[in-house]
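Participant: Just one file: coords_22.cif, with mmCIF, C-alpha atoms, pLDDT in the B column; chains and numbers go by the auth columns.
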```cif
data_run
loop_
_atom_site.group_PDB
_atom_site.id
_atom_site.type_symbol
_atom_site.label_atom_id
_atom_site.label_comp_id
_atom_site.label_asym_id
_atom_site.label_seq_id
_atom_site.Cartn_x
_atom_site.Cartn_y
_atom_site.Cartn_z
_atom_site.B_iso_or_equiv
_atom_site.auth_seq_id
_atom_site.auth_asym_id
ATOM 1 C CA MET A 1 -36.939 32.611 16.996 66.00 508 A
ATOM 2 C CA PRO A 2 -33.318 31.370 17.086 72.00 509 A
ATOM 3 C CA ASP A 3 -31.904 30.130 20.378 73.00 510 A
ATOM 4 C CA ARG A 4 -28.693 31.546 21.731 78.00 511 A
ATOM 5 C CA ARG A 5 -25.992 28.964 21.100 83.00 512 A
ATOM 6 C CA ASN A 6 -23.114 28.243 23.426 88.00 513 A
ATOM 7 C CA LEU A 7 -19.804 29.361 22.035 91.00 514 A
ATOM 8 C CA THR A 8 -17.111 26.702 21.872 94.00 515 A
ATOM 9 C CA PRO A 9 -13.878 27.096 23.896 93.00 516 A
ATOM 10 C CA HIS A 10 -12.078 27.790 20.623 95.00 517 A
ATOM 11 C CA GLU A 11 -14.558 30.552 19.705 96.00 518 A
ATOM 12 C CA ASN A 12 -14.293 32.055 23.189 94.00 519 A
ATOM 13 C CA ALA A 13 -10.518 32.175 22.783 94.00 520 A
ATOM 14 C CA ILE A 14 -10.888 33.897 19.395 95.00 521 A
ATOM 15 C CA LEU A 15 -13.268 36.546 20.748 96.00 522 A
ATOM 16 C CA LEU A 16 -11.041 37.311 23.718 95.00 523 A
ATOM 17 C CA ALA A 17 -7.942 37.550 21.520 94.00 524 A
ATOM 18 C CA GLU A 18 -9.748 39.825 19.051 95.00 525 A
ATOM 19 C CA VAL A 19 -10.183 42.561 21.654 95.00 526 A
ATOM 20 C CA GLU A 20 -6.814 41.816 23.308 93.00 527 A
ATOM 21 C CA ASN A 21 -8.402 40.978 26.672 95.00 528 A
ATOM 22 C CA MET A 22 -9.920 44.456 26.964 96.00 529 A
ATOM 23 C CA CYS A 23 -13.526 45.593 26.672 96.00 530 A
ATOM 24 C CA PRO A 24 -13.688 47.659 23.447 94.00 531 A
ATOM 25 C CA PHE A 25 -16.178 50.071 25.051 93.00 532 A
ATOM 26 C CA CYS A 26 -14.681 50.812 28.488 94.00 533 A
ATOM 27 C CA ALA A 27 -11.166 49.231 28.341 95.00 534 A
ATOM 28 C CA LYS A 28 -11.862 47.044 31.405 94.00 535 A
ATOM 29 C CA PRO A 29 -9.754 43.835 31.584 95.00 536 A
ATOM 30 C CA LEU A 30 -11.906 40.866 30.596 95.00 537 A
ATOM 31 C CA MET A 31 -10.124 38.239 32.691 93.00 538 A
ATOM 32 C CA TYR A 32 -8.838 38.252 36.248 89.00 539 A
ATOM 33 C CA GLU A 33 -6.677 35.908 38.280 89.00 540 A
ATOM 34 C CA LYS A 34 -7.482 34.728 41.780 89.00 541 A
ATOM 35 C CA LYS A 35 -5.576 32.079 43.702 88.00 542 A
ATOM 36 C CA GLY A 36 -3.855 30.904 40.562 89.00 543 A
ATOM 37 C CA LYS A 37 -7.047 30.533 38.505 89.00 544 A
ATOM 38 C CA ASN A 38 -8.337 32.707 35.686 88.00 545 A
ATOM 39 C CA TYR A 39 -11.937 33.908 35.629 88.00 546 A
ATOM 40 C CA LYS A 40 -14.090 35.568 32.955 90.00 547 A
ATOM 41 C CA LEU A 41 -15.387 39.105 33.271 92.00 548 A
ATOM 42 C CA TRP A 42 -16.882 39.136 29.794 95.00 549 A
ATOM 43 C CA GLU A 43 -19.706 37.837 27.650 94.00 550 A
ATOM 44 C CA GLY A 44 -20.098 37.131 23.964 95.00 551 A
ATOM 45 C CA ALA A 45 -22.420 39.912 22.834 95.00 552 A
ATOM 46 C CA HIS A 46 -24.525 39.738 19.687 96.00 553 A
ATOM 47 C CA ILE A 47 -23.869 42.843 17.595 96.00 554 A
ATOM 48 C CA TYR A 48 -27.141 42.471 15.711 96.00 555 A
ATOM 49 C CA PRO A 49 -29.617 41.264 18.362 95.00 556 A
ATOM 50 C CA LEU A 50 -30.457 37.580 18.646 93.00 557 A
ATOM 51 C CA ASN A 51 -34.205 38.128 18.846 91.00 558 A
ATOM 52 C CA PRO A 52 -34.864 41.783 18.058 93.00 559 A
ATOM 53 C CA VAL A 53 -38.116 43.333 19.181 93.00 560 A
ATOM 54 C CA ALA A 54 -40.212 45.308 16.691 93.00 561 A
ATOM 55 C CA GLU A 55 -38.569 48.600 17.679 93.00 562 A
ATOM 56 C CA GLU A 56 -35.085 47.159 17.114 94.00 563 A
ATOM 57 C CA ILE A 57 -36.038 45.694 13.742 94.00 564 A
ATOM 58 C CA GLU A 58 -37.247 49.123 12.646 95.00 565 A
ATOM 59 C CA LEU A 59 -34.224 50.862 14.168 94.00 566 A
ATOM 60 C CA LEU A 60 -31.696 48.642 12.380 95.00 567 A
ATOM 61 C CA LYS A 61 -33.572 47.884 9.156 94.00 568 A
ATOM 62 C CA ASP A 62 -31.142 49.859 6.967 95.00 569 A
ATOM 63 C CA GLU A 63 -27.995 49.037 8.903 96.00 570 A
ATOM 64 C CA GLU A 64 -25.164 46.802 7.711 96.00 571 A
ATOM 65 C CA ARG A 65 -24.926 43.309 9.160 96.00 572 A
ATOM 66 C CA LEU A 66 -21.787 41.187 9.304 95.00 573 A
ATOM 67 C CA HIS A 67 -23.637 37.906 8.795 95.00 574 A
ATOM 68 C CA GLU A 68 -27.215 36.853 8.120 94.00 575 A
ATOM 69 C CA ASP A 69 -26.947 34.191 10.811 94.00 576 A
ATOM 70 C CA VAL A 70 -27.054 36.102 14.098 95.00 577 A
ATOM 71 C CA ASN A 71 -25.329 33.177 15.824 95.00 578 A
ATOM 72 C CA ASN A 72 -22.339 33.289 13.468 95.00 579 A
ATOM 73 C CA ILE A 73 -19.143 34.258 15.280 96.00 580 A
ATOM 74 C CA ARG A 74 -18.801 37.302 13.007 96.00 581 A
ATOM 75 C CA ASN A 75 -21.852 38.703 14.799 97.00 582 A
ATOM 76 C CA PHE A 76 -20.287 38.242 18.254 97.00 583 A
ATOM 77 C CA ILE A 77 -17.874 40.472 20.136 97.00 584 A
ATOM 78 C CA ALA A 78 -16.449 40.218 23.648 97.00 585 A
ATOM 79 C CA LEU A 79 -17.801 42.865 26.053 96.00 586 A
ATOM 80 C CA CYS A 80 -17.645 43.178 29.814 95.00 587 A
ATOM 81 C CA GLY A 81 -20.942 42.362 31.508 94.00 588 A
ATOM 82 C CA ASP A 82 -21.727 46.002 32.294 95.00 589 A
ATOM 83 C CA CYS A 83 -21.163 47.247 28.743 95.00 590 A
ATOM 84 C CA HIS A 84 -23.133 44.309 27.337 95.00 591 A
ATOM 85 C CA LYS A 85 -26.155 45.359 29.394 94.00 592 A
ATOM 86 C CA LYS A 86 -25.778 49.007 28.374 93.00 593 A
ATOM 87 C CA PHE A 87 -25.417 48.055 24.702 93.00 594 A
ATOM 88 C CA ASP A 88 -28.585 45.935 24.768 91.00 595 A
ATOM 89 C CA ASN A 89 -30.744 48.266 26.865 90.00 596 A
ATOM 90 C CA PRO A 90 -31.576 50.481 25.184 90.00 597 A
ATOM 91 C CA ARG A 91 -29.996 49.675 21.829 90.00 598 A
ATOM 92 C CA THR A 92 -29.032 52.743 19.804 93.00 599 A
ATOM 93 C CA VAL A 93 -27.982 53.146 16.183 95.00 600 A
ATOM 94 C CA GLU A 94 -24.873 55.041 17.260 95.00 601 A
ATOM 95 C CA GLU A 95 -23.612 52.257 19.530 94.00 602 A
ATOM 96 C CA TYR A 96 -24.567 49.611 16.972 96.00 603 A
ATOM 97 C CA ARG A 97 -22.520 51.372 14.303 96.00 604 A
ATOM 98 C CA LEU A 98 -19.584 51.805 16.675 95.00 605 A
ATOM 99 C CA LEU A 99 -19.524 48.133 17.639 95.00 606 A
ATOM 100 C CA LEU A 100 -19.983 47.070 14.009 96.00 607 A
ATOM 101 C CA SER A 101 -17.050 49.289 13.017 94.00 608 A
ATOM 102 C CA ILE A 102 -14.863 47.828 15.766 95.00 609 A
ATOM 103 C CA LYS A 103 -15.670 44.273 14.690 96.00 610 A
ATOM 104 C CA LYS A 104 -15.114 45.086 11.004 93.00 611 A
ATOM 105 C CA ASN A 105 -11.671 46.456 11.811 89.00 612 A
ATOM 106 C CA ILE A 106 -10.911 43.311 13.809 91.00 613 A
ATOM 107 C CA LEU A 107 -11.974 41.073 10.922 92.00 614 A
ATOM 108 C CA SER A 108 -9.977 43.134 8.430 86.00 615 A
ATOM 109 C CA LYS A 109 -6.841 42.916 10.572 86.00 616 A
ATOM 110 C CA SER A 110 -7.315 39.178 11.039 89.00 617 A
ATOM 111 C CA GLU A 111 -7.545 38.708 7.288 86.00 618 A
ATOM 112 C CA THR A 112 -4.356 40.639 6.619 86.00 619 A
ATOM 113 C CA ARG A 113 -2.481 39.092 9.556 88.00 620 A
ATOM 114 C CA ALA A 114 -3.164 35.690 8.025 88.00 621 A
ATOM 115 C CA LYS A 115 -1.005 36.832 5.103 89.00 622 A
ATOM 116 C CA TYR A 116 2.046 37.670 7.235 93.00 623 A
ATOM 117 C CA VAL A 117 3.391 34.133 6.961 91.00 624 A
ATOM 118 C CA ASP A 118 3.315 34.257 3.144 92.00 625 A
ATOM 119 C CA TYR A 119 5.395 37.434 2.793 94.00 626 A
ATOM 120 C CA GLN A 120 8.999 37.322 3.902 93.00 627 A
ATOM 121 C CA ILE A 121 11.469 40.133 4.524 95.00 628 A
ATOM 122 C CA GLU A 122 15.248 39.888 4.271 94.00 629 A
ATOM 123 C CA SER A 123 16.744 39.438 7.745 92.00 630 A
ATOM 124 C CA GLU A 124 19.348 42.121 6.986 93.00 631 A
ATOM 125 C CA ILE A 125 16.730 44.834 7.503 95.00 632 A
ATOM 126 C CA LYS A 126 17.085 44.225 11.240 93.00 633 A
ATOM 127 C CA GLU A 127 20.427 46.015 11.026 92.00 634 A
ATOM 128 C CA VAL A 128 18.665 49.166 9.801 93.00 635 A
ATOM 129 C CA ILE A 129 16.092 48.876 12.601 93.00 636 A
ATOM 130 C CA THR A 130 18.879 48.462 15.155 90.00 637 A
ATOM 131 C CA MET A 131 20.626 51.571 13.847 88.00 638 A
ATOM 132 C CA LEU A 132 17.433 53.575 14.265 87.00 639 A
ATOM 133 C CA VAL A 133 16.765 52.312 17.783 87.00 640 A
ATOM 134 C CA GLU A 134 20.259 52.207 19.220 85.00 641 A
ATOM 135 C CA GLU A 135 22.705 54.215 17.158 73.00 642 A
ATOM 136 C CA PHE A 136 20.866 57.099 15.476 67.00 643 A
ATOM 137 C CA ASN A 137 23.006 60.225 15.782 66.00 644 A
ATOM 138 C CA GLU A 138 21.332 63.595 15.279 66.00 645 A
ATOM 139 C CA ALA A 139 24.609 64.840 13.851 62.00 646 A
ATOM 140 C CA ASP A 140 23.860 62.613 10.855 64.00 647 A
ATOM 141 C CA PHE A 141 20.476 64.269 10.398 66.00 648 A
ATOM 142 C CA LYS A 142 19.863 65.801 6.976 76.00 649 A
ATOM 143 C CA PRO A 143 16.235 66.822 6.445 77.00 650 A
ATOM 144 C CA LEU A 144 14.417 66.149 3.207 78.00 651 A
ATOM 145 C CA GLU A 145 13.247 69.319 1.504 76.00 652 A
ATOM 146 C CA MET A 146 9.481 69.656 1.668 68.00 653 A
ATOM 147 C CA GLN A 147 9.126 70.201 -2.081 72.00 654 A
ATOM 148 C CA ALA A 148 10.576 66.715 -2.594 72.00 655 A
ATOM 149 C CA LEU A 149 7.909 65.126 -0.381 81.00 656 A
ATOM 150 C CA LYS A 150 5.679 62.705 -2.304 86.00 657 A
ATOM 151 C CA LEU A 151 3.180 61.899 0.456 90.00 658 A
ATOM 152 C CA ASP A 152 0.666 64.615 -0.428 87.00 659 A
ATOM 153 C CA GLU A 153 0.450 63.293 -3.978 90.00 660 A
ATOM 154 C CA LYS A 154 -0.431 59.778 -2.818 91.00 661 A
ATOM 155 C CA ALA A 155 -2.370 60.102 0.446 93.00 662 A
ATOM 156 C CA ASN A 156 -6.147 59.966 0.205 94.00 663 A
ATOM 157 C CA GLU A 157 -9.049 60.600 2.571 95.00 664 A
ATOM 158 C CA THR A 158 -8.671 57.179 4.232 95.00 665 A
ATOM 159 C CA LEU A 159 -5.423 58.308 5.879 95.00 666 A
ATOM 160 C CA THR A 160 -6.158 60.276 9.039 95.00 667 A
ATOM 161 C CA ARG A 161 -4.639 63.705 9.460 95.00 668 A
ATOM 162 C CA ILE A 162 -2.592 62.702 12.500 96.00 669 A
ATOM 163 C CA THR A 163 -1.096 59.646 10.749 96.00 670 A
ATOM 164 C CA LYS A 164 -0.360 61.719 7.670 95.00 671 A
ATOM 165 C CA MET A 165 1.457 64.264 9.850 95.00 672 A
ATOM 166 C CA ARG A 166 3.480 61.489 11.504 95.00 673 A
ATOM 167 C CA ILE A 167 4.469 59.972 8.146 95.00 674 A
ATOM 168 C CA ARG A 168 5.391 63.414 6.819 94.00 675 A
ATOM 169 C CA ASN A 169 7.601 64.114 9.813 92.00 676 A
ATOM 170 C CA GLU A 170 9.265 60.698 9.623 94.00 677 A
ATOM 171 C CA ILE A 171 10.007 61.081 5.929 93.00 678 A
ATOM 172 C CA THR A 172 11.369 64.591 6.397 91.00 679 A
ATOM 173 C CA GLU A 173 13.579 63.660 9.336 91.00 680 A
ATOM 174 C CA TYR A 174 14.756 60.141 8.508 92.00 681 A
ATOM 175 C CA TYR A 175 14.615 59.581 4.728 93.00 682 A
ATOM 176 C CA TYR A 176 18.242 60.390 3.938 91.00 683 A
ATOM 177 C CA TYR A 177 19.498 58.646 7.057 91.00 684 A
ATOM 178 C CA ILE A 178 17.702 55.401 6.217 93.00 685 A
ATOM 179 C CA LYS A 179 18.752 55.647 2.594 93.00 686 A
ATOM 180 C CA GLU A 180 22.373 55.828 3.726 91.00 687 A
ATOM 181 C CA GLN A 181 21.873 52.788 5.982 93.00 688 A
ATOM 182 C CA PHE A 182 20.595 50.830 3.002 95.00 689 A
ATOM 183 C CA VAL A 183 23.616 51.921 0.949 95.00 690 A
ATOM 184 C CA GLN A 184 25.884 50.573 3.681 93.00 691 A
ATOM 185 C CA LEU A 185 23.789 47.398 3.852 94.00 692 A
ATOM 186 C CA ASP A 186 24.244 46.880 0.113 95.00 693 A
ATOM 187 C CA SER A 187 28.012 47.169 0.524 94.00 694 A
ATOM 188 C CA GLN A 188 27.895 44.203 2.916 93.00 695 A
ATOM 189 C CA TYR A 189 25.062 42.255 1.288 93.00 696 A
ATOM 190 C CA PRO A 190 24.886 43.159 -2.414 93.00 697 A
ATOM 191 C CA ARG A 191 21.416 44.018 -3.785 94.00 698 A
ATOM 192 C CA SER A 192 19.794 43.528 -0.382 94.00 699 A
ATOM 193 C CA PHE A 193 17.958 46.839 -0.721 96.00 700 A
ATOM 194 C CA ASN A 194 16.330 45.794 -4.006 96.00 701 A
ATOM 195 C CA ALA A 195 15.195 42.556 -2.398 96.00 702 A
ATOM 196 C CA ILE A 196 13.760 44.331 0.657 97.00 703 A
ATOM 197 C CA ALA A 197 12.028 47.011 -1.433 97.00 704 A
ATOM 198 C CA SER A 198 10.479 44.322 -3.647 97.00 705 A
ATOM 199 C CA GLN A 199 9.204 42.427 -0.600 97.00 706 A
ATOM 200 C CA VAL A 200 7.631 45.544 0.921 97.00 707 A
ATOM 201 C CA SER A 201 6.062 46.410 -2.435 97.00 708 A
ATOM 202 C CA ALA A 202 4.691 42.877 -2.873 96.00 709 A
ATOM 203 C CA PHE A 203 3.045 42.867 0.535 96.00 710 A
ATOM 204 C CA TYR A 204 1.648 46.367 0.009 96.00 711 A
ATOM 205 C CA ASN A 205 0.125 45.278 -3.308 96.00 712 A
ATOM 206 C CA SER A 206 -1.424 42.230 -1.649 94.00 713 A
ATOM 207 C CA LEU A 207 -2.964 44.351 1.137 92.00 714 A
ATOM 208 C CA SER A 208 -4.234 47.049 -1.196 93.00 715 A
ATOM 209 C CA ARG A 209 -6.270 44.500 -3.159 91.00 716 A
ATOM 210 C CA ILE A 210 -8.385 43.634 -0.108 87.00 717 A
ATOM 211 C CA GLU A 211 -8.117 46.730 2.095 88.00 718 A
ATOM 212 C CA PRO A 212 -9.089 50.198 0.805 90.00 719 A
ATOM 213 C CA SER A 213 -7.946 52.158 3.879 91.00 720 A
ATOM 214 C CA GLN A 214 -4.429 53.594 3.745 95.00 721 A
ATOM 215 C CA GLU A 215 -4.638 54.051 7.517 94.00 722 A
ATOM 216 C CA ILE A 216 -5.101 50.316 8.079 91.00 723 A
ATOM 217 C CA ILE A 217 -2.558 49.383 5.409 94.00 724 A
ATOM 218 C CA TYR A 218 0.114 51.587 7.006 96.00 725 A
ATOM 219 C CA GLY A 219 -0.556 50.014 10.407 95.00 726 A
ATOM 220 C CA GLN A 220 -0.525 46.484 9.025 94.00 727 A
ATOM 221 C CA LEU A 221 2.733 47.011 7.114 97.00 728 A
ATOM 222 C CA THR A 222 4.314 48.376 10.285 97.00 729 A
ATOM 223 C CA GLU A 223 3.097 45.433 12.361 96.00 730 A
ATOM 224 C CA TRP A 224 4.149 42.917 9.684 96.00 731 A
ATOM 225 C CA LEU A 225 7.676 44.333 9.612 96.00 732 A
ATOM 226 C CA SER A 226 7.849 44.232 13.404 96.00 733 A
ATOM 227 C CA LYS A 227 6.594 40.644 13.637 95.00 734 A
ATOM 228 C CA LYS A 228 8.835 39.400 10.835 95.00 735 A
ATOM 229 C CA THR A 229 11.891 40.877 12.561 95.00 736 A
ATOM 230 C CA GLY A 230 11.358 39.404 16.014 93.00 737 A
ATOM 231 C CA ASN A 231 8.911 41.972 17.443 91.00 738 A
ATOM 232 C CA SER A 232 11.205 44.869 16.625 92.00 739 A
ATOM 233 C CA SER A 233 10.288 48.401 17.731 94.00 740 A
ATOM 234 C CA LEU A 234 6.975 49.437 16.177 95.00 741 A
ATOM 235 C CA GLY A 235 8.188 53.027 16.100 95.00 742 A
ATOM 236 C CA ALA A 236 11.302 52.149 14.123 95.00 743 A
ATOM 237 C CA CYS A 237 9.327 49.886 11.791 96.00 744 A
ATOM 238 C CA GLY A 238 6.840 52.709 11.174 97.00 745 A
ATOM 239 C CA ILE A 239 9.708 55.010 10.203 96.00 746 A
ATOM 240 C CA ILE A 240 10.963 52.425 7.702 97.00 747 A
ATOM 241 C CA ILE A 241 7.491 52.013 6.178 97.00 748 A
ATOM 242 C CA SER A 242 7.311 55.831 5.913 96.00 749 A
ATOM 243 C CA PHE A 243 10.628 55.663 4.036 96.00 750 A
ATOM 244 C CA PHE A 244 9.038 53.283 1.540 97.00 751 A
ATOM 245 C CA VAL A 245 6.065 55.633 1.140 96.00 752 A
ATOM 246 C CA GLN A 246 8.513 58.294 -0.070 94.00 753 A
ATOM 247 C CA ASN A 247 10.454 55.711 -2.078 93.00 754 A
ATOM 248 C CA CYS A 248 7.218 54.700 -3.865 92.00 755 A
ATOM 249 C CA GLU A 249 6.899 51.053 -2.767 94.00 756 A
ATOM 250 C CA VAL A 250 3.916 52.002 -0.552 95.00 757 A
ATOM 251 C CA PHE A 251 0.825 54.005 -1.604 93.00 758 A
ATOM 252 C CA SER A 252 2.086 53.824 -5.166 83.00 759 A
#
```
Hey, can you dump this file as structure tokens for me?
Facilitator:
Amino acid sequence: MPDRRNLTPHENAILLAEVENMCPFCAKPLMYEKKGKNYKLWEGAHIYPLNPVAEEIELLKDEERLHEDVNNIRNFIALCGDCHKKFDNPRTVEEYRLLLSIKKNILSKSETRAKYVDYQIESEIKEVITMLVEEFNEADFKPLEMQALKLDEKANETLTRITKMRIRNEITEYYYYIKEQFVQLDSQYPRSFNAIASQVSAFYNSLSRIEPSQEIIYGQLTEWLSKKTGNSSLGACGIIISFFVQNCEVFS
């Protein structure tokens, strides 16, 4: 039977960062500060058990595993002590699948985030984001007619209904406004829109080769745009990515 190995400080830091210092089951903070020192409230939990008993082997025999080596960091996730105990005793297929799904999403996001550095975006797009956040005037609002909406043609079952509704609303409300902002941007910085559209399209194509979920792709494009523009408003960046859905650079 394999022995439980001690995680390195680097691996502990990775696991804590993966769940953003919050237990993925109960949302409890995983660190606390006392008298200027930080203390752990979490443990590295094996998703597939380290030494499964016969009942667990039978229970999980047809379930997906993230790595054959149970001590590989892909098979670990940070949980608070209470949730770790509940997850292990008794182990259920439902909780196993939930934790596996959470870890798979984490790994998928990590893989795409590693690509952020390789895909640039023209700095001028920050002016469009600023207009949305600070200077949007409802008097300028001109809704897109629903029959012109292209989302329904391109969205598939991997895009949740609530995200699809949000994208639809953002396209309908903001498409013409953002288009006009890009026209004005081009008057100051010629062909900047073509450059920005090409960059969004290139990153979308890169993501779509490794990630089948439109839900995750939409979120990653939004986060990428925010990070590449100095942690700009996620809401405004989501609206701009919705614009590019309608404009055919995304979900093409």
Participant: List the residues matched by the PyMOL selection byres ((chain A and resi 686) around 12) in the displayed structure as a PyMOL selection string, ordered by chain and then by residue number.
Facilitator: chain A and resi 635+639+647-649+651+678+680-685+687-693+700+704+746-747+749-751+753-754
Participant: Suppose you want the space between CA of Gln695 in chain A and CA of Glu631 in chain A; what is it in Å?
Facilitator: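 Separation of CA of Gln695 in chain A and CA of Glu631 in chain A: 9.7 Å.
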Participant: Name the residues in contact with Phe594 in chain A at a cut-off of 10 Å, using all atoms listed in the file, excluding same-chain residues fewer than 4 positions from it; report them as a PyMOL selection string.
Facilitator: chain A and resi 532+552-554+586+588-590+598-599+602-603+606
Participant: Can you work out which one of A:Ser740, A:Tyr623, A:Tyr711, A:Val752 has the shortest atom-to-atom distance to Thr679 in chain A, counting all atoms listed in the file?
Facilitator: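 Residue with the minimum atom-to-atom distance to Thr679 in chain A: A:Val752.
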Participant: I'd like the residues picked by the PyMOL selection byres ((chain A and resi 719) around 12) written out as a list in words, using the chain letters and numbers from the file.
Facilitator: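 Given this file, the PyMOL selection byres ((chain A and resi 719) around 12) evaluates to Asn612, Ser615, Ala662, Asn663, Glu664, Thr665, Leu666, Tyr711, Asn712, Ser713, Leu714, Ser715, Arg716, Ile717, Glu718, Ser720, Gln721, Glu722, Ile723, Ile724, Tyr725 and Phe758 of chain A.
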Participant: Write out as a PyMOL selection string which residues come within 9 Å of Leu566 in chain A when counting only C-alpha atoms, dropping same-chain ones fewer than 3 positions away.
Facilitator: chain A and resi 561-563+569-570+598-600
Participant: So the first atom is CA of Cys530 in chain A and the second is CA of Arg572 in chain A; what is the distance between them in Å, to one decimal place?
Facilitator: 21.0 Å
Participant: Going by the chain IDs and residue numbers used in this file, which residues fall under the PyMOL selection byres ((chain A and resi 557) around 6)? Write them as a PyMOL selection string.
Facilitator: chain A and resi 556+558+577
Participant: Write range 665-677 of chain A as an mmCIF file, in the coordinates of the input, completed to N, CA, C and O atoms.
Facilitator:
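Output file rebuild.cif is given in full below:
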```
data_model
loop_
_atom_site.group_PDB
_atom_site.id
_atom_site.type_symbol
_atom_site.label_atom_id
_atom_site.label_comp_id
_atom_site.auth_asym_id
_atom_site.auth_seq_id
_atom_site.Cartn_x
_atom_site.Cartn_y
_atom_site.Cartn_z
ATOM 1 N N THR A 665 -8.646 58.285 3.267
ATOM 2 C CA THR A 665 -8.671 57.179 4.232
ATOM 3 C C THR A 665 -7.504 57.240 5.216
ATOM 4 O O THR A 665 -7.470 56.485 6.180
ATOM 5 N N LEU A 666 -6.557 58.123 4.977
ATOM 6 C CA LEU A 666 -5.423 58.308 5.879
ATOM 7 C C LEU A 666 -5.744 59.478 6.803
ATOM 8 O O LEU A 666 -5.969 60.592 6.340
ATOM 9 N N THR A 667 -5.778 59.222 8.107
ATOM 10 C CA THR A 667 -6.158 60.276 9.039
ATOM 11 C C THR A 667 -5.104 61.381 9.063
ATOM 12 O O THR A 667 -3.934 61.157 8.742
ATOM 13 N N ARG A 668 -5.537 62.554 9.454
ATOM 14 C CA ARG A 668 -4.639 63.705 9.460
ATOM 15 C C ARG A 668 -3.440 63.474 10.380
ATOM 16 O O ARG A 668 -2.312 63.819 10.049
ATOM 17 N N ILE A 669 -3.687 62.881 11.545
ATOM 18 C CA ILE A 669 -2.592 62.702 12.500
ATOM 19 C C ILE A 669 -1.566 61.688 11.990
ATOM 20 O O ILE A 669 -0.359 61.860 12.180
ATOM 21 N N THR A 670 -2.035 60.620 11.316
ATOM 22 C CA THR A 670 -1.096 59.646 10.749
ATOM 23 C C THR A 670 -0.334 60.263 9.584
ATOM 24 O O THR A 670 0.873 60.042 9.428
ATOM 25 N N LYS A 671 -1.031 61.042 8.782
ATOM 26 C CA LYS A 671 -0.360 61.719 7.670
ATOM 27 C C LYS A 671 0.733 62.646 8.186
ATOM 28 O O LYS A 671 1.839 62.697 7.619
ATOM 29 N N MET A 672 0.446 63.371 9.265
ATOM 30 C CA MET A 672 1.457 64.264 9.850
ATOM 31 C C MET A 672 2.653 63.467 10.360
ATOM 32 O O MET A 672 3.804 63.881 10.182
ATOM 33 N N ARG A 673 2.378 62.304 10.991
ATOM 34 C CA ARG A 673 3.480 61.489 11.504
ATOM 35 C C ARG A 673 4.349 60.968 10.360
ATOM 36 O O ARG A 673 5.587 61.027 10.435
ATOM 37 N N ILE A 674 3.707 60.469 9.293
ATOM 38 C CA ILE A 674 4.469 59.972 8.146
ATOM 39 C C ILE A 674 5.289 61.101 7.521
ATOM 40 O O ILE A 674 6.465 60.917 7.175
ATOM 41 N N ARG A 675 4.681 62.268 7.387
ATOM 42 C CA ARG A 675 5.391 63.414 6.819
ATOM 43 C C ARG A 675 6.633 63.749 7.642
ATOM 44 O O ARG A 675 7.722 63.959 7.100
ATOM 45 N N ASN A 676 6.468 63.786 8.947
ATOM 46 C CA ASN A 676 7.601 64.114 9.813
ATOM 47 C C ASN A 676 8.695 63.051 9.730
ATOM 48 O O ASN A 676 9.895 63.376 9.706
ATOM 49 N N GLU A 677 8.279 61.783 9.682
ATOM 50 C CA GLU A 677 9.265 60.698 9.623
ATOM 51 C C GLU A 677 10.026 60.716 8.307
ATOM 52 O O GLU A 677 11.249 60.484 8.287
#
```
